[in-house]
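Engineer: For reference, the structure I am asking about is given below.
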Amino acid sequence: MTKHVTKHIFVTGGVVSSLGKGLTSASIGTILERRGLRVRMQKLDPYINVDPGTMSPFQHGEVYVLDDGAETDLDLGHYERFTNSPLSRQSNYTSGRIYSNVIKKERDGKYLGQTVQVVPHITNEIKEAVLGLAGPDVDVVITELGGTVGDIEGLPFLEAIRQIPLDIGKHNCLFVHLTLVPYLKAAREAKTKPTQHSVQQLRQIGIQPDVLIVRTERPLGRDDCDKIALFCNVEKHAVIEEQDKEFSIYEVPCGLVGYGLDKLIIERLGLPAGTSKMDDWEALVHRIKNPKHEVNIAVVGKYIEHRDAYKSIYEALDHAGIAHETRVIIKRIEAEKLECEDAASALAGVDGLLVPGGFGHRGIEGKIQAVRYARENKLPYFGICLGMQVAVIEYARNVLGFEKANSTEFDTDTDHPVICLLEEQRTVTEKGASMRLGAQPCVLTEDSLAAKVYGQKEISERHRHRFEFNHAYKGRFLEGGLGLCGVSPDGKLVEAIEIPVHPWFVAVQFHPEFKSKPNLPHPLFHGFIEAALKRKQAK
């Protein structure tokens with residue numbers, strides 16, 4: 001009986017950052033799963049932070065939270081949306097985490113007096129992280145390396161993956177390199193030299209790419225692809241063009257299949273694959289390209305200028321739109337601007353309002369003004385995390401009459417702290433990985449709108465917060481007509497609220513956007529877009 005061997009695919013990037021290695025890696029996972037293979041996904045990030053949890057959304061984009069509470073890179077969101085790969089904290093390693101592990105081992109005496117060095121100790125720790133995902137139930141591990149070839153902080157990771165084929169056999173590994181072929185308008189031609197230089201740097205490190213995926217704005221000619229193949233020492237059919245997609249990122253897997261990438265990978269690695277089954281994905285793309293309806297959704301946030309800060313929010317809205325054959329047009333509104341502008345003017349013409357999460361006082365009053373407009377004008381409202389907290393504050397001030405109601409995050413001396421610090425957070429001093437994180441159970445009120453949307457009473461959703469609804473005010477809110485429709489199993493934490501007399505006003509403390517997929521939208525997003533569509537059709 002042949003021993004099962006997990007194969008490894010490494011995805012690197014060159015020329016410039018933000019080329020879409022995460023999307024490409026996720027798309028490779030998609031096309032391999034459609035061939036019946038069992039895939040695991042992983043991201044290696046060279047930055048020194050132990051995790052992205054304390055990084056600014058303006059620099060890093062959103063922090064993507066997993067069921068086990070790991071705060072990870074936003075590319076893991078792509079992995080979950082595109083594949084069925086189970087993800088955990090083993091799916092995302094940073095330089096900071098790798099070095100922390102090695103330093104702890106040194107302090108514990110695990111190296112028996114050795115001089116601890118980048119090679120072999122750091123590289124061995126990286127290899128252990130990569131090979132740790134292999135197993136009898138895994139056919140392929142796809143590991144994406146953050147950054148670009150040539151970055152000084154990425155060198156230990158490149159050295160580690162260079163060594164892995166020597167450890168497990170070259171025939172069990174495949175290197176995919178993603179680069180940019182820019183088009184110069186003045187010269188009226190595409191330039192392949194940056195890709196050549198990028199591959200040269202990779203080869204100097206000791207890695208010869210097996211596949212080149214080249215990003216382009218315009219179609220490349222066969223001559224350009226042949227030139228790239230010749231100068232980069234790659235077979236002609238292994239140079240794959242990935243042109244910018246006009247409609248959606250979900251077109252990428254279909255494009256890769258069109259170029260035969262799945263077949264190439266399977267043949268190179270000797271994988272026991274079945275026939276390609278892309279029908280459902282192609283149908284998904286068809287629905288995206290041919291919507292029957294259109295809705296306008298306002299997103300009032302603190303980090304609007306950085307679109308990746310709310311990446312999963314925007315994707316989840318699109319997923320719900322796909323299910324309703326509806327194009328979702330997002331109107332991004334900076335919360336701070338609403339503090340000095342009329343909410344009615346800013347929200348005129350929209351069919352729904354979503355207020356996402358965030359931290360700090362900046363823009364809070366603007367969010368509260370937006371929530372008030374939605375409540376008073378029967379505009380479908382969906383609040384997430386901070387979006388629930390500002391909804392509670394707005395209701396307390398303008399319905400219950402607690403004029404100075406606030407969160408203790410923004411005003412420690414407020415007369416009515418309707419939002420307060422979680423009890424478990426009162427003794428926390430460190431910022432990193434110390435919030436209420438990961439999947440937590442919630443029980444929904446039987447006749448609530450939330451329960452109807454979910455189709456069940458018991459749910460599990462991912463959290464990332466330090467503050468909560470103040471349980472001391474529970475009775476006042478219930479008397480005032482606010483539905484506390486979701487609570488923790490012990491009844492101590494309010495996880496979801498709604499206004500029963502409103503057409504669709506739901507806010508939750510958790511982050512449902514992390515569990516939405518293009519072919520399986522999250523129930524709350526599905527219900528929200530349905531309500532927005534009904535409002536538009538009624539008008």
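Residue numbering restarts at 1 for every chain of the structure tokens, chains are lettered A, B, ... in their displayed order, and ligands are numbered from 1 as they appear.
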Produce a table with one row for each residue of stretch 392-467 of chain A that has an atom at most 12 Å from any atom of stretch 526-529 of chain A, each row naming the nearest atom pair and its distance in Å at one decimal; use only C-alpha atoms; arrange rows by chain and rising residue number; format as CSV.

Structural biologist:
```
residue,atom,partner,partner_atom,distance
A:Leu449,CA,A:Gly527,CA,9.5
A:Ala450,CA,A:Gly527,CA,9.1
A:Ala451,CA,A:Gly527,CA,11.3
A:Lys452,CA,A:Gly527,CA,9.6
A:Val453,CA,A:Gly527,CA,6.3
A:Tyr454,CA,A:Gly527,CA,9.1
A:Gly455,CA,A:Gly527,CA,11.4
```

Engineer: List every residue of stretch 118-204 of chain A that has an atom at most 12 Å from any atom of stretch 235-238 of chain A, and for each one report the closest atom pair and its distance in Å to one decimal, counting only C-alpha atoms, with rows sorted by chain and then by increasing residue number, as a Markdown table.

Structural biologist:
```
| residue | atom | partner | partner_atom | distance |
| --- | --- | --- | --- | --- |
| A:Leu174 | CA | A:Ala238 | CA | 11.7 |
| A:Phe175 | CA | A:Ala238 | CA | 11.1 |
| A:Val176 | CA | A:Ala238 | CA | 9.5 |
| A:His177 | CA | A:Ala238 | CA | 10.7 |
| A:Leu178 | CA | A:Ala238 | CA | 11.9 |
```

Engineer: Quick check for you: according to DSSP on this backbone, which residues of stretch 96-275 of chain A are classed as strand (DSSP E)? Reply as a list of chain:residue names.

Structural biologist: A:Val140, A:Val141, A:Ile142, A:Thr143, A:Glu144, A:Leu145, A:Cys173, A:Leu174, A:Phe175, A:Val176, A:His177, A:Leu178, A:Thr179, A:Leu180, A:Tyr183, A:Leu184, A:Glu189, A:Ala190, A:Val211, A:Leu212, A:Ile213, A:Val214, A:Arg215, A:Thr216, A:Val239, A:Ile240, A:Glu241, A:Glu242, A:Gln243

Engineer: Which parts of stretch 325-528 of chain A does DSSP call alpha helix (DSSP H) when run on the backbone here, written out as a PyMOL selection string?

Structural biologist: chain A and resi 343-346+364-376+386-398+449-454+474-479+523-528

Engineer: Can you spit out the residues from that selection as a CSV table (one decimal), in the first residue's frame, using N, CA and C atoms?

Structural biologist:
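Result written to result_27.csv:
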```csv
chain,number,residue,atom,x,y,z
A,343,ALA,N,-27.6,64.1,8.7
A,343,ALA,CA,-27.7,62.7,8.3
A,343,ALA,C,-28.7,62.4,7.2
A,344,ALA,N,-29.8,63.2,7.2
A,344,ALA,CA,-30.8,63.0,6.2
A,344,ALA,C,-30.3,63.2,4.8
A,345,SER,N,-29.4,64.2,4.7
A,345,SER,CA,-28.9,64.5,3.4
A,345,SER,C,-27.9,63.4,3.0
A,346,ALA,N,-27.0,63.0,3.9
A,346,ALA,CA,-26.0,62.0,3.6
A,346,ALA,C,-26.6,60.7,3.3
A,364,ILE,N,-18.0,58.6,16.7
A,364,ILE,CA,-19.1,58.0,17.4
A,364,ILE,C,-20.4,58.8,17.3
A,365,GLU,N,-20.3,60.1,17.5
A,365,GLU,CA,-21.5,60.9,17.4
A,365,GLU,C,-22.1,60.9,16.0
A,366,GLY,N,-21.3,60.8,15.0
A,366,GLY,CA,-21.8,60.7,13.6
A,366,GLY,C,-22.5,59.4,13.4
A,367,LYS,N,-22.0,58.3,14.0
A,367,LYS,CA,-22.7,57.0,13.9
A,367,LYS,C,-24.0,57.0,14.6
A,368,ILE,N,-24.0,57.7,15.7
A,368,ILE,CA,-25.3,57.8,16.5
A,368,ILE,C,-26.3,58.5,15.7
A,369,GLN,N,-25.9,59.6,15.0
A,369,GLN,CA,-26.9,60.4,14.2
A,369,GLN,C,-27.4,59.5,13.0
A,370,ALA,N,-26.6,58.7,12.4
A,370,ALA,CA,-27.0,57.8,11.4
A,370,ALA,C,-28.0,56.8,11.9
A,371,VAL,N,-27.7,56.2,13.0
A,371,VAL,CA,-28.6,55.2,13.6
A,371,VAL,C,-30.0,55.9,13.9
A,372,ARG,N,-30.0,57.1,14.4
A,372,ARG,CA,-31.2,57.7,14.7
A,372,ARG,C,-32.1,57.9,13.5
A,373,TYR,N,-31.4,58.4,12.4
A,373,TYR,CA,-32.1,58.6,11.2
A,373,TYR,C,-32.8,57.3,10.7
A,374,ALA,N,-32.0,56.2,10.8
A,374,ALA,CA,-32.6,54.9,10.3
A,374,ALA,C,-33.7,54.4,11.2
A,375,ARG,N,-33.6,54.6,12.5
A,375,ARG,CA,-34.7,54.2,13.4
A,375,ARG,C,-36.0,55.0,13.2
A,376,GLU,N,-35.8,56.3,13.0
A,376,GLU,CA,-37.0,57.2,12.9
A,376,GLU,C,-37.6,57.2,11.5
A,386,LEU,N,-19.5,47.4,17.3
A,386,LEU,CA,-19.7,48.8,17.7
A,386,LEU,C,-21.0,49.4,17.1
A,387,GLY,N,-21.5,48.8,16.0
A,387,GLY,CA,-22.7,49.2,15.4
A,387,GLY,C,-23.9,48.8,16.3
A,388,MET,N,-23.8,47.8,17.1
A,388,MET,CA,-24.8,47.5,18.1
A,388,MET,C,-24.7,48.4,19.3
A,389,GLN,N,-23.5,48.7,19.7
A,389,GLN,CA,-23.3,49.6,20.9
A,389,GLN,C,-23.8,51.0,20.7
A,390,VAL,N,-23.6,51.6,19.5
A,390,VAL,CA,-24.1,52.9,19.2
A,390,VAL,C,-25.6,52.9,19.1
A,391,ALA,N,-26.1,51.8,18.6
A,391,ALA,CA,-27.6,51.7,18.5
A,391,ALA,C,-28.2,51.7,19.9
A,392,VAL,N,-27.6,51.0,20.9
A,392,VAL,CA,-28.0,51.0,22.3
A,392,VAL,C,-27.9,52.4,22.8
A,393,ILE,N,-26.8,53.1,22.6
A,393,ILE,CA,-26.6,54.5,23.1
A,393,ILE,C,-27.7,55.4,22.5
A,394,GLU,N,-27.9,55.3,21.2
A,394,GLU,CA,-28.9,56.2,20.5
A,394,GLU,C,-30.3,55.9,21.1
A,395,TYR,N,-30.7,54.7,21.3
A,395,TYR,CA,-32.0,54.3,21.9
A,395,TYR,C,-32.1,54.9,23.3
A,396,ALA,N,-31.1,54.7,24.1
A,396,ALA,CA,-31.1,55.2,25.5
A,396,ALA,C,-31.3,56.7,25.5
A,397,ARG,N,-30.6,57.4,24.6
A,397,ARG,CA,-30.7,58.9,24.6
A,397,ARG,C,-32.1,59.4,24.1
A,398,ASN,N,-32.5,58.9,23.0
A,398,ASN,CA,-33.6,59.5,22.3
A,398,ASN,C,-35.0,58.8,22.4
A,449,LEU,N,-37.1,38.4,15.2
A,449,LEU,CA,-36.8,38.5,13.8
A,449,LEU,C,-35.5,37.7,13.6
A,450,ALA,N,-34.5,37.9,14.5
A,450,ALA,CA,-33.2,37.2,14.4
A,450,ALA,C,-33.4,35.7,14.3
A,451,ALA,N,-34.3,35.1,15.1
A,451,ALA,CA,-34.5,33.7,15.1
A,451,ALA,C,-35.1,33.3,13.8
A,452,LYS,N,-36.0,34.1,13.3
A,452,LYS,CA,-36.7,33.7,12.0
A,452,LYS,C,-35.7,33.8,10.9
A,453,VAL,N,-34.8,34.8,10.9
A,453,VAL,CA,-33.7,34.9,9.9
A,453,VAL,C,-32.8,33.7,9.9
A,454,TYR,N,-32.3,33.3,11.1
A,454,TYR,CA,-31.4,32.2,11.2
A,454,TYR,C,-32.1,30.8,11.0
A,474,LYS,N,-31.0,46.3,31.6
A,474,LYS,CA,-31.9,45.3,30.8
A,474,LYS,C,-33.4,45.7,31.0
A,475,GLY,N,-33.8,45.8,32.2
A,475,GLY,CA,-35.2,46.1,32.4
A,475,GLY,C,-35.7,47.4,31.8
A,476,ARG,N,-34.9,48.4,31.9
A,476,ARG,CA,-35.3,49.7,31.3
A,476,ARG,C,-35.5,49.6,29.8
A,477,PHE,N,-34.6,48.9,29.1
A,477,PHE,CA,-34.7,48.8,27.7
A,477,PHE,C,-35.9,47.9,27.3
A,478,LEU,N,-36.1,46.9,28.0
A,478,LEU,CA,-37.3,46.0,27.7
A,478,LEU,C,-38.6,46.8,27.9
A,479,GLU,N,-38.7,47.6,28.9
A,479,GLU,CA,-39.9,48.4,29.2
A,479,GLU,C,-40.0,49.4,28.1
A,523,PRO,N,-27.0,34.4,7.1
A,523,PRO,CA,-28.5,34.7,7.2
A,523,PRO,C,-28.8,36.2,7.5
A,524,LEU,N,-28.0,36.8,8.4
A,524,LEU,CA,-28.3,38.2,8.7
A,524,LEU,C,-28.1,39.2,7.5
A,525,PHE,N,-27.0,38.9,6.8
A,525,PHE,CA,-26.8,39.7,5.6
A,525,PHE,C,-27.9,39.5,4.5
A,526,HIS,N,-28.3,38.2,4.4
A,526,HIS,CA,-29.3,37.8,3.5
A,526,HIS,C,-30.6,38.5,3.8
A,527,GLY,N,-31.0,38.5,5.1
A,527,GLY,CA,-32.2,39.2,5.5
A,527,GLY,C,-32.1,40.7,5.4
A,528,PHE,N,-31.0,41.3,5.6
A,528,PHE,CA,-30.8,42.7,5.5
A,528,PHE,C,-31.0,43.2,4.1
```

Engineer: Ranking A:Ser91, A:Thr12, A:Thr72, A:Ser25 by minimum distance to A:Gly53 and counting only C-alpha atoms, which one comes first?

Structural biologist: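 Among A:Ser91, A:Thr12, A:Thr72, A:Ser25, it is A:Thr72 that comes nearest to A:Gly53.
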
Engineer: Excluding stretch 278-286 of chain A and any residue of its chain fewer than 2 positions from it, enumerate the residues within 8 Å of it, using only C-alpha atoms, and give them as a PyMOL selection string.

Structural biologist: chain A and resi 31+34+248+250-251+254+276+288-290+322+518-519

Engineer: Could the residues in this selection be written to a file with C-alpha atoms, as a short mmCIF file (atom, residue, chain, number, x, y, z; two decimals), in the first residue's frame?

Structural biologist:
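The result, written out as again-v1.cif:
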```cif
data_model
loop_
_atom_site.label_atom_id
_atom_site.label_comp_id
_atom_site.auth_asym_id
_atom_site.auth_seq_id
_atom_site.Cartn_x
_atom_site.Cartn_y
_atom_site.Cartn_z
CA ILE A 31 -9.88 24.75 -8.34
CA ARG A 34 -13.29 21.17 -7.41
CA SER A 248 -15.77 40.28 -9.50
CA TYR A 250 -14.89 35.39 -7.93
CA GLU A 251 -14.03 35.18 -11.64
CA CYS A 254 -12.58 30.21 -13.64
CA SER A 276 -13.15 19.35 -12.59
CA ILE A 288 -22.86 38.27 -10.42
CA LYS A 289 -22.61 39.44 -14.02
CA ASN A 290 -26.37 39.43 -14.64
CA ILE A 322 -25.82 37.42 -5.29
CA PRO A 518 -20.36 33.70 -1.96
CA ASN A 519 -22.45 30.56 -2.42
#
```
